[in-house]
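Have a look at work_22.txt below; it lists compact mmCIF, C-alpha atoms.
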# COMPACT_ATOMS: atom_id res chain seq x y z
CA MET A 8 22.22 18.22 -27.65
CA MET A 9 23.49 14.68 -27.94
CA VAL A 10 22.87 13.86 -24.28
CA PRO A 11 19.03 14.29 -24.31
CA ALA A 12 18.84 12.22 -27.48
CA ALA A 13 21.09 9.54 -25.95
CA LEU A 14 18.88 9.43 -22.87
CA LEU A 15 15.74 9.00 -24.96
CA LEU A 16 17.41 6.24 -26.97
CA LEU A 17 18.55 4.54 -23.77
CA GLY A 18 15.04 4.73 -22.29
CA ALA A 19 13.47 3.33 -25.46
CA LEU A 20 16.01 0.52 -25.58
CA ALA A 21 15.34 -0.41 -21.94
CA ALA A 22 11.57 -0.25 -22.48
CA VAL A 23 11.77 -2.75 -25.36
CA VAL A 24 14.63 -5.05 -24.36
CA ALA A 25 14.14 -5.39 -20.58
CA PRO A 26 10.70 -7.10 -20.73
CA ARG A 27 12.01 -9.62 -23.25
CA LEU A 28 15.07 -10.44 -21.17
CA LEU A 29 13.02 -10.86 -17.99
CA ALA A 30 10.45 -13.00 -19.83
CA ARG A 31 13.21 -15.40 -20.93
CA ALA A 32 14.79 -15.63 -17.48
CA ASP A 33 13.99 -18.71 -15.38
CA TRP A 34 14.63 -17.18 -11.96
CA PRO A 35 11.70 -14.71 -11.39
CA ASP A 36 9.33 -17.53 -10.34
CA ARG A 37 12.00 -18.85 -7.99
CA GLU A 38 12.71 -15.45 -6.44
CA PRO A 39 9.61 -13.27 -6.82
CA VAL A 40 10.79 -10.66 -4.31
CA VAL A 41 14.02 -10.13 -6.25
CA ALA A 42 12.03 -10.03 -9.49
CA LEU A 43 9.76 -7.33 -8.05
CA TRP A 44 12.83 -5.27 -7.19
CA VAL A 45 14.34 -5.75 -10.66
CA TRP A 46 11.12 -4.65 -12.38
CA GLN A 47 10.90 -1.55 -10.21
CA CYS A 48 14.50 -0.62 -11.00
CA VAL A 49 13.95 -1.07 -14.75
CA VAL A 50 10.82 1.09 -14.75
CA ALA A 51 12.56 3.69 -12.60
CA ALA A 52 15.43 3.80 -15.10
CA VAL A 53 13.05 4.35 -18.03
CA LEU A 54 11.25 7.15 -16.18
CA LEU A 55 14.57 8.68 -15.13
CA CYS A 56 15.74 8.73 -18.75
CA CYS A 57 12.64 10.72 -19.67
CA VAL A 58 12.98 13.14 -16.74
CA LEU A 59 16.66 13.85 -17.40
CA SER A 60 16.09 14.23 -21.13
CA MET A 61 13.23 16.65 -20.46
CA THR A 62 15.38 18.69 -18.07
CA LEU A 63 18.33 19.01 -20.44
CA SER A 64 16.06 19.72 -23.42
CA ALA A 65 14.32 22.47 -21.48
CA ALA A 66 17.71 23.90 -20.51
CA ALA A 67 18.69 23.95 -24.17
CA ALA A 68 15.43 25.59 -25.26
CA TRP A 69 15.09 28.32 -22.62
CA VAL A 70 17.83 30.36 -21.00
CA ALA A 71 15.81 30.82 -17.79
CA VAL A 72 15.60 27.06 -17.28
CA ARG A 73 19.30 26.72 -18.10
CA GLY A 74 20.16 29.12 -15.31
CA HIS A 75 18.19 27.04 -12.79
CA VAL A 76 19.60 23.70 -14.00
CA PHE A 77 23.26 24.63 -14.15
CA GLY A 78 23.29 27.40 -11.55
CA SER A 79 26.86 28.41 -10.80
CA ALA A 80 28.45 25.64 -12.85
CA PRO A 81 31.64 26.63 -14.69
CA ARG A 82 31.25 27.83 -18.25
CA SER A 83 33.19 24.81 -19.53
CA VAL A 84 30.53 22.49 -18.07
CA VAL A 85 27.68 24.35 -19.79
CA ASP A 86 29.57 24.38 -23.09
CA ALA A 87 30.18 20.62 -22.82
CA TYR A 88 26.45 19.98 -23.29
CA ALA A 89 26.26 22.08 -26.49
CA LEU A 90 22.89 23.44 -25.39
CA SER A 91 22.86 26.24 -27.96
CA THR A 92 22.42 23.75 -30.82
CA GLY A 93 19.03 22.47 -29.68
CA GLY A 94 16.68 24.93 -31.35
CA THR A 95 13.07 23.95 -31.97
CA TRP A 96 13.79 20.26 -31.46
CA ALA A 97 14.77 20.85 -27.83
CA ALA A 98 11.63 22.83 -27.04
CA THR A 99 9.40 20.24 -28.71
CA THR A 100 11.06 17.40 -26.81
CA ALA A 101 10.84 19.20 -23.49
CA VAL A 102 7.16 20.03 -23.94
CA ALA A 103 6.29 16.50 -25.11
CA LEU A 104 8.08 14.89 -22.17
CA ALA A 105 6.53 17.36 -19.73
CA CYS A 106 3.08 16.49 -21.08
CA GLY A 107 3.95 12.81 -20.63
CA GLY A 108 4.93 13.46 -17.02
CA ALA A 109 1.72 15.37 -16.35
CA TRP A 110 -0.28 12.55 -17.96
CA THR A 111 1.50 9.99 -15.77
CA ALA A 112 0.68 11.99 -12.63
CA THR A 113 -2.95 12.28 -13.77
CA MET A 114 -3.24 8.54 -14.37
CA LEU A 115 -1.69 7.75 -10.99
CA ALA A 116 -4.03 10.19 -9.24
CA ARG A 117 -7.01 8.69 -11.04
CA GLU A 118 -5.95 5.18 -10.09
CA ILE A 119 -5.58 6.15 -6.41
CA VAL A 120 -8.94 7.96 -6.37
CA ARG A 121 -10.67 4.98 -7.96
CA ALA A 122 -9.00 2.55 -5.55
CA ARG A 123 -10.12 4.62 -2.57
CA ALA A 124 -13.64 4.82 -3.97
CA ARG A 125 -13.72 1.03 -4.42
CA ARG A 126 -12.40 0.62 -0.88
CA ARG A 127 -15.10 2.91 0.56
CA GLN A 128 -17.76 1.06 -1.40
CA ARG A 129 -16.54 -2.33 -0.15
CA ARG A 130 -16.44 -1.06 3.43
CA ALA A 131 -19.98 0.29 3.07
CA GLU A 132 -21.14 -3.07 1.69
CA LEU A 133 -19.30 -4.77 4.53
CA LEU A 134 -21.19 -2.69 7.12
CA VAL A 135 -24.47 -3.67 5.47
CA ARG A 136 -23.66 -7.37 5.41
CA ALA A 137 -21.90 -7.39 8.80
CA PRO A 138 -23.31 -4.47 10.84
CA LEU A 139 -21.55 -3.32 13.98
CA LEU A 140 -22.88 -4.52 17.30
CA PRO A 141 -23.80 -1.98 20.00
CA GLY A 142 -20.61 -0.55 21.49
CA GLU A 143 -18.39 -2.06 18.77
CA GLU A 144 -15.78 0.25 17.25
CA PRO A 145 -15.47 0.40 13.43
CA GLY A 146 -12.42 -1.56 12.27
CA ALA A 147 -11.77 -3.00 15.72
CA ASP A 148 -11.63 -6.57 14.41
CA ARG A 149 -8.97 -7.58 11.90
CA LEU A 150 -11.02 -10.61 10.87
CA VAL A 151 -14.60 -10.24 9.61
CA VAL A 152 -16.78 -13.23 8.79
CA LEU A 153 -19.55 -12.83 6.21
CA GLU A 154 -22.40 -15.15 5.37
CA GLY A 155 -21.81 -16.45 1.88
CA GLU A 156 -22.20 -19.58 -0.23
CA ARG A 157 -19.06 -18.85 -2.23
CA PRO A 158 -15.70 -19.55 -0.55
CA ASP A 159 -13.73 -16.34 -0.64
CA ALA A 160 -11.23 -14.35 1.38
CA TRP A 161 -9.69 -10.96 0.72
CA TRP A 162 -7.69 -8.27 2.46
CA LEU A 163 -9.32 -4.86 2.78
CA PRO A 164 -6.48 -2.29 3.07
CA GLY A 165 -6.75 1.08 4.78
CA THR A 166 -6.04 2.72 8.11
CA ALA A 167 -7.68 -0.26 9.83
CA PRO A 168 -6.97 -3.20 7.47
CA GLN A 169 -9.20 -6.23 7.78
CA LEU A 170 -9.30 -9.77 6.46
CA VAL A 171 -12.78 -10.62 5.18
CA ILE A 172 -13.71 -14.27 4.85
CA THR A 173 -16.99 -15.97 4.03
CA THR A 174 -18.63 -18.74 6.01
CA ALA A 175 -18.29 -21.04 2.98
CA ALA A 176 -14.53 -20.53 3.12
CA LEU A 177 -14.50 -21.28 6.84
CA ARG A 178 -16.30 -24.57 6.19
CA ARG A 179 -13.77 -25.51 3.54
CA LEU A 180 -10.52 -24.40 5.15
CA LYS A 181 -9.25 -27.01 7.56
CA GLY A 182 -6.67 -26.89 10.30
CA ARG A 183 -3.99 -24.29 9.67
CA GLN A 184 -5.25 -23.40 6.20
CA LEU A 185 -7.12 -20.36 7.55
CA ASP A 186 -3.94 -19.16 9.26
CA ALA A 187 -2.06 -19.62 5.99
CA VAL A 188 -4.63 -17.53 4.10
CA LEU A 189 -4.35 -14.83 6.78
CA ALA A 190 -0.53 -14.89 6.48
CA HIS A 191 -0.81 -14.62 2.68
CA GLU A 192 -3.00 -11.53 2.87
CA GLN A 193 -0.85 -10.00 5.60
CA GLY A 194 2.14 -10.49 3.30
CA HIS A 195 0.40 -8.27 0.74
CA ALA A 196 -0.36 -5.63 3.36
CA ARG A 197 3.12 -5.51 4.91
CA ALA A 198 4.87 -5.23 1.54
CA ARG A 199 2.36 -2.58 0.37
CA HIS A 200 1.68 -4.51 -2.80
CA ASP A 201 -1.39 -2.35 -3.41
CA TRP A 202 0.88 0.61 -4.22
CA LEU A 203 2.84 -1.45 -6.72
CA LEU A 204 -0.40 -2.46 -8.42
CA HIS A 205 -1.64 1.15 -8.50
CA CYS A 206 1.59 2.45 -10.05
CA SER A 207 1.81 -0.32 -12.62
CA ALA A 208 -1.84 0.13 -13.59
CA ALA A 209 -1.43 3.90 -13.97
CA LEU A 210 1.58 3.51 -16.28
CA ALA A 211 -0.01 0.73 -18.34
CA VAL A 212 -3.29 2.63 -18.79
CA GLY A 213 -1.54 5.93 -19.51
CA PHE A 214 0.93 4.46 -22.01
CA PRO A 215 -0.54 1.21 -23.34
CA GLN A 216 1.85 1.11 -26.31
CA VAL A 217 5.01 1.08 -24.17
CA PRO A 218 6.04 -2.59 -23.76
CA VAL A 219 7.76 -2.21 -20.41
CA PHE A 220 4.71 -0.65 -18.75
CA ALA A 221 2.28 -3.28 -20.05
CA ALA A 222 4.61 -6.09 -18.97
CA PHE A 223 5.19 -4.33 -15.63
CA ARG A 224 1.49 -4.45 -14.79
CA GLY A 225 1.10 -8.09 -15.79
CA GLU A 226 4.15 -9.20 -13.86
CA MET A 227 3.21 -7.21 -10.75
CA HIS A 228 -0.13 -9.02 -10.48
CA ARG A 229 1.61 -12.37 -10.80
CA LEU A 230 4.72 -11.75 -8.71
CA VAL A 231 2.96 -10.19 -5.73
CA GLU A 232 0.86 -13.35 -5.42
CA LEU A 233 3.95 -15.55 -5.59
CA ALA A 234 5.71 -13.41 -2.99
CA ALA A 235 2.71 -13.61 -0.65
CA ASP A 236 2.53 -17.38 -1.19
CA ASP A 237 6.16 -17.65 -0.09
CA VAL A 238 5.44 -15.59 3.04
CA ALA A 239 2.62 -17.95 4.03
CA SER A 240 4.52 -21.10 3.08
CA ARG A 241 7.49 -20.18 5.25
CA ARG A 242 5.21 -20.08 8.29
CA PHE A 243 2.75 -22.87 7.57
CA GLY A 244 4.27 -25.00 4.84
CA ARG A 245 3.78 -25.15 1.09
CA LEU A 246 1.23 -27.95 1.22
CA THR A 247 -1.01 -26.00 3.60
CA ILE A 248 -1.22 -22.88 1.45
CA ALA A 249 -1.57 -24.98 -1.73
CA LEU A 250 -4.56 -26.85 -0.28
CA ALA A 251 -6.06 -23.55 0.87
CA LEU A 252 -5.79 -22.18 -2.66
CA VAL A 253 -7.50 -25.28 -4.04
CA GLU A 254 -10.33 -25.06 -1.50
CA LEU A 255 -10.95 -21.37 -2.22
CA ASN A 256 -10.84 -21.65 -6.03
CA GLU A 257 -12.12 -25.14 -6.81
CA ASP A 258 -15.65 -23.98 -7.68
CA ARG A 259 -14.49 -21.12 -9.92
CA GLY A 260 -13.40 -23.30 -12.82
CA VAL A 261 -9.78 -22.19 -12.63
CA PHE A 262 -8.56 -25.78 -12.77
CA GLY A 263 -10.46 -26.56 -15.96
CA PRO A 264 -9.15 -26.55 -19.55
CA CYS A 265 -10.69 -23.17 -20.44
CA PRO A 266 -8.85 -19.96 -19.46
CA THR A 267 -10.44 -17.95 -16.64
CA PRO A 268 -9.57 -14.71 -14.82
CA GLY A 269 -7.88 -16.86 -12.16
CA ALA A 270 -5.83 -18.93 -14.59
CA HIS A 271 -2.68 -18.22 -12.61
CA VAL A 272 -3.98 -20.16 -9.60
CA PRO A 273 -3.07 -23.64 -10.98
CA GLN A 274 0.45 -22.38 -11.69
CA ARG A 275 0.72 -21.12 -8.12
CA VAL A 276 -0.46 -24.48 -6.76
CA ASN A 277 2.00 -26.40 -8.94
CA ARG A 278 4.80 -24.11 -7.83
CA LEU A 279 3.95 -24.72 -4.18
CA LEU A 280 3.70 -28.49 -4.58
CA THR A 281 6.85 -28.81 -6.71
CA PRO A 282 8.97 -25.91 -5.47
CA PRO A 283 11.85 -24.91 -7.73
CA ASP A 284 15.30 -24.59 -6.23
CA ARG A 285 15.97 -21.14 -4.85
CA LEU A 286 18.92 -19.12 -6.03
CA THR A 287 21.95 -19.02 -3.79
CA ALA A 288 22.27 -16.07 -1.43
CA ALA A 289 25.26 -14.82 -3.41
CA ARG A 290 23.35 -14.82 -6.69
CA ARG A 291 20.36 -13.09 -5.07
CA LEU A 292 22.72 -10.42 -3.79
CA ARG A 293 24.32 -10.00 -7.20
CA LEU A 294 20.94 -9.64 -8.92
CA THR A 295 19.77 -7.12 -6.32
CA ALA A 296 22.95 -5.07 -6.65
CA ALA A 297 22.90 -5.21 -10.46
CA ALA A 298 19.26 -4.07 -10.53
CA ALA A 299 20.06 -1.18 -8.19
CA LEU A 300 22.70 -0.01 -10.67
CA VAL A 301 20.26 0.14 -13.60
CA PRO A 302 18.76 3.55 -12.62
CA VAL A 303 22.30 4.84 -12.10
CA ILE A 304 23.11 4.43 -15.83
CA PRO A 305 20.90 7.35 -17.00
CA VAL A 306 22.42 9.55 -14.30
CA LEU A 307 25.92 8.68 -15.48
CA VAL A 308 24.97 9.39 -19.10
CA ALA A 309 23.58 12.78 -18.09
CA PHE A 310 26.63 13.74 -16.03
CA VAL A 311 29.42 12.39 -18.24
CA PRO A 312 29.90 15.59 -20.32
CA GLY A 313 30.07 17.76 -17.21
CA LEU A 314 32.47 15.40 -15.47
CA ARG A 315 34.70 15.29 -18.54
CA ALA A 316 34.76 19.08 -18.67
CA LEU A 317 35.75 19.27 -15.02
CA GLY A 318 38.35 16.54 -15.46
Written as structure tokens, how would this file's structure read?
Amino acid sequence: MMVPAALLLLGALAAVVAPRLLARADWPDREPVVALWVWQCVVAAVLLCCVLSMTLSAAAAWVAVRGHVFGSAPRSVVDAYALSTGGTWAATTAVALACGGAWTATMLAREIVRARARRRQRRAELLVRAPLLPGEEPGADRLVVLEGERPDAWWLPGTAPQLVITTAALRRLKGRQLDAVLAHEQGHARARHDWLLHCSAALAVGFPQVPVFAAFRGEMHRLVELAADDVASRRFGRLTIALALVELNEDRGVFGPCPTPGAHVPQRVNRLLTPPDRLTAARRLRLTAAAALVPVIPVLVAFVPGLRALG
């Protein structure tokens, strides 16, 4: 029964140490896409530790589960895991981790249901403020203009995604700034950033005391914006998207001394105006490959006893 305990210890260690290491690193702001990948791999590794520990604990607690897990594996492989020494501890661990998995699925389902409800509500409000003309198909236009005194623009995801922009924003955005805003929002849609936000929110709400999940949600909100900024800046230039951000957020007080919900906007503008040096292609590749190996570690820990028995 050492393997399930080792997996739990490994998951707890990753959940505590990984956020601290990533917070100290100076490269996530320079390479937000790579940082998004690293965060996903870390969270996947933590979840995989829990799933594998639950599976082996259940195999130790109940013979029926053991038969399904190990199947026709040689007797030496089954003996290598010392499953008969688990006792009550194995059953308790398996049940607790299974409840955690069910709670995670419930939180994710709730997050998706709420997001769809918000989306339906916003589309209903959009139809009230911008009703369809006779003969016009719903969702036929990817750009919808609303009357409004507040400059704003947002992407409405769904089967027929649309960019909604107010007339105040149109008056403020000059030249290619509107195209840059459109490219920014399309960057979110193409990368399916909404799913990353849903998953991170579900984990953070379901397990608020787990450091990696709380940090995962905070970093996802920040990094997806940086990644979308980079998409727009590659097409229209950093100055264009920076000026567009200023025009859209100037009246919201985000550039003042007091913290606001949009406090990250000044940091995004500064990053666009004084871009940090990107990592070399070789280092980006190394980081991507190293992150991809992180979820492999729990799998290796789980399979080491069986491989040793076979070897």
A:Gly108 surroundings by all atoms listed in the file, 12 Å radius, close-in-sequence under 6 positions cut, as a list in words
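Once the nearby chain positions are removed, what remains is Leu54, Leu55, Cys56, Cys57, Val58, Leu59, Ser60, Met61, Thr62, Ala101, Val102, Met114, Leu115, Ala209, Leu210, Gly213 and Phe214 of chain A.
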Residues near A:Gly194, anyone? I mean within 10 Å using all atoms listed in the file, not counting same-chain ones fewer than 6 positions away, as a ChimeraX atom specification.
/A:188,200,231-232,234-239
How about saving the chosen residues, C-alpha atoms kept, as a short mmCIF file (atom, residue, chain, number, x, y, z; two decimals), keeping the file's coordinate frame?
data_model
loop_
_atom_site.label_atom_id
_atom_site.label_comp_id
_atom_site.auth_asym_id
_atom_site.auth_seq_id
_atom_site.Cartn_x
_atom_site.Cartn_y
_atom_site.Cartn_z
CA VAL A 188 -4.63 -17.53 4.10
CA HIS A 200 1.68 -4.51 -2.80
CA VAL A 231 2.96 -10.19 -5.73
CA GLU A 232 0.86 -13.35 -5.42
CA ALA A 234 5.71 -13.41 -2.99
CA ALA A 235 2.71 -13.61 -0.65
CA ASP A 236 2.53 -17.38 -1.19
CA ASP A 237 6.16 -17.65 -0.09
CA VAL A 238 5.44 -15.59 3.04
CA ALA A 239 2.62 -17.95 4.03
#
Two-atom distance - atom CA of A:Leu255, atom CA of A:Pro158 (Å)
5.4 Å
Let me make sure I understand: among A:Glu132, A:Gly182, A:Cys48, A:Arg199, which one has the smallest atom-to-atom distance to A:Pro164 if we use only C-alpha atoms?
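Nearest to A:Pro164: A:Arg199.
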Tell me which protein, DNA and RNA residues are within 7 Å of A:Gly18, counting only C-alpha atoms, leaving out same-chain ones fewer than 3 positions away, and put them as an MDAnalysis selection string.
chainID A and resid 14:15 21:22 53 56:57
Save out the residues we just selected, C-alpha atoms, as a JSON list (two decimals), in the frame of the given file.
[["chain", "number", "residue", "atom", "x", "y", "z"],
["A", 14, "LEU", "CA", 18.88, 9.43, -22.87],
["A", 15, "LEU", "CA", 15.74, 9.00, -24.96],
["A", 21, "ALA", "CA", 15.34, -0.41, -21.94],
["A", 22, "ALA", "CA", 11.57, -0.25, -22.48],
["A", 53, "VAL", "CA", 13.05, 4.35, -18.03],
["A", 56, "CYS", "CA", 15.74, 8.73, -18.75],
["A", 57, "CYS", "CA", 12.64, 10.72, -19.67]]
Find the distance between atom CA of A:Ala309 and atom CA of A:Leu17 and write it in Å to one decimal.
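Going from atom CA of A:Ala309 over to atom CA of A:Leu17, I get 11.2 Å.
Proximity ranking of A:Ala196, A:Ala65, A:Leu177, A:Ala249 relative to A:Gly155 places A:Leu177 first, based on all atoms listed in the file.
Rounded to one decimal, atom CA of A:Leu63 and atom CA of A:Leu317 lie 18.2 Å from each other.
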Which residues are near A:Asn256? Cut-off 10 Å, all atoms listed in the file, ignore same chain within fewer than 4 positions. Put them as a PyMOL selection string.
chain A and resi 157-159+176+250-252+260-262+269+272-273
Protein, DNA and RNA residues within 10 Å of (3.3, -24.4, 12.2), all atoms listed in the file, as a CSV table (one decimal) with C-alpha atoms, in the coordinates of the input:
chain,number,residue,atom,x,y,z
A,183,ARG,CA,-4.0,-24.3,9.7
A,186,ASP,CA,-3.9,-19.2,9.3
A,187,ALA,CA,-2.1,-19.6,6.0
A,240,SER,CA,4.5,-21.1,3.1
A,241,ARG,CA,7.5,-20.2,5.2
A,242,ARG,CA,5.2,-20.1,8.3
A,243,PHE,CA,2.8,-22.9,7.6
A,244,GLY,CA,4.3,-25.0,4.8
A,247,THR,CA,-1.0,-26.0,3.6
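Minimum distance to A:Val23 across A:Ala68, A:Ala289, A:Val85, A:Phe223 (counting all atoms listed in the file) occurs at A:Phe223.
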Can you tell me which residues surround A:Ala296 at a distance of at most 12 Å, considering all atoms listed in the file, apart from same-chain residues fewer than 5 positions away, and format the answer as a compact mmCIF listing (two decimals) with C-alpha atoms, in the coordinates of the input?
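Here's the written file selection-v4.txt:
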# COMPACT_ATOMS: atom_id res chain seq x y z
CA VAL A 41 14.02 -10.13 -6.25
CA TRP A 44 12.83 -5.27 -7.19
CA VAL A 45 14.34 -5.75 -10.66
CA CYS A 48 14.50 -0.62 -11.00
CA ALA A 289 25.26 -14.82 -3.41
CA ARG A 290 23.35 -14.82 -6.69
CA ARG A 291 20.36 -13.09 -5.07
CA VAL A 301 20.26 0.14 -13.60
CA PRO A 302 18.76 3.55 -12.62
CA VAL A 303 22.30 4.84 -12.10
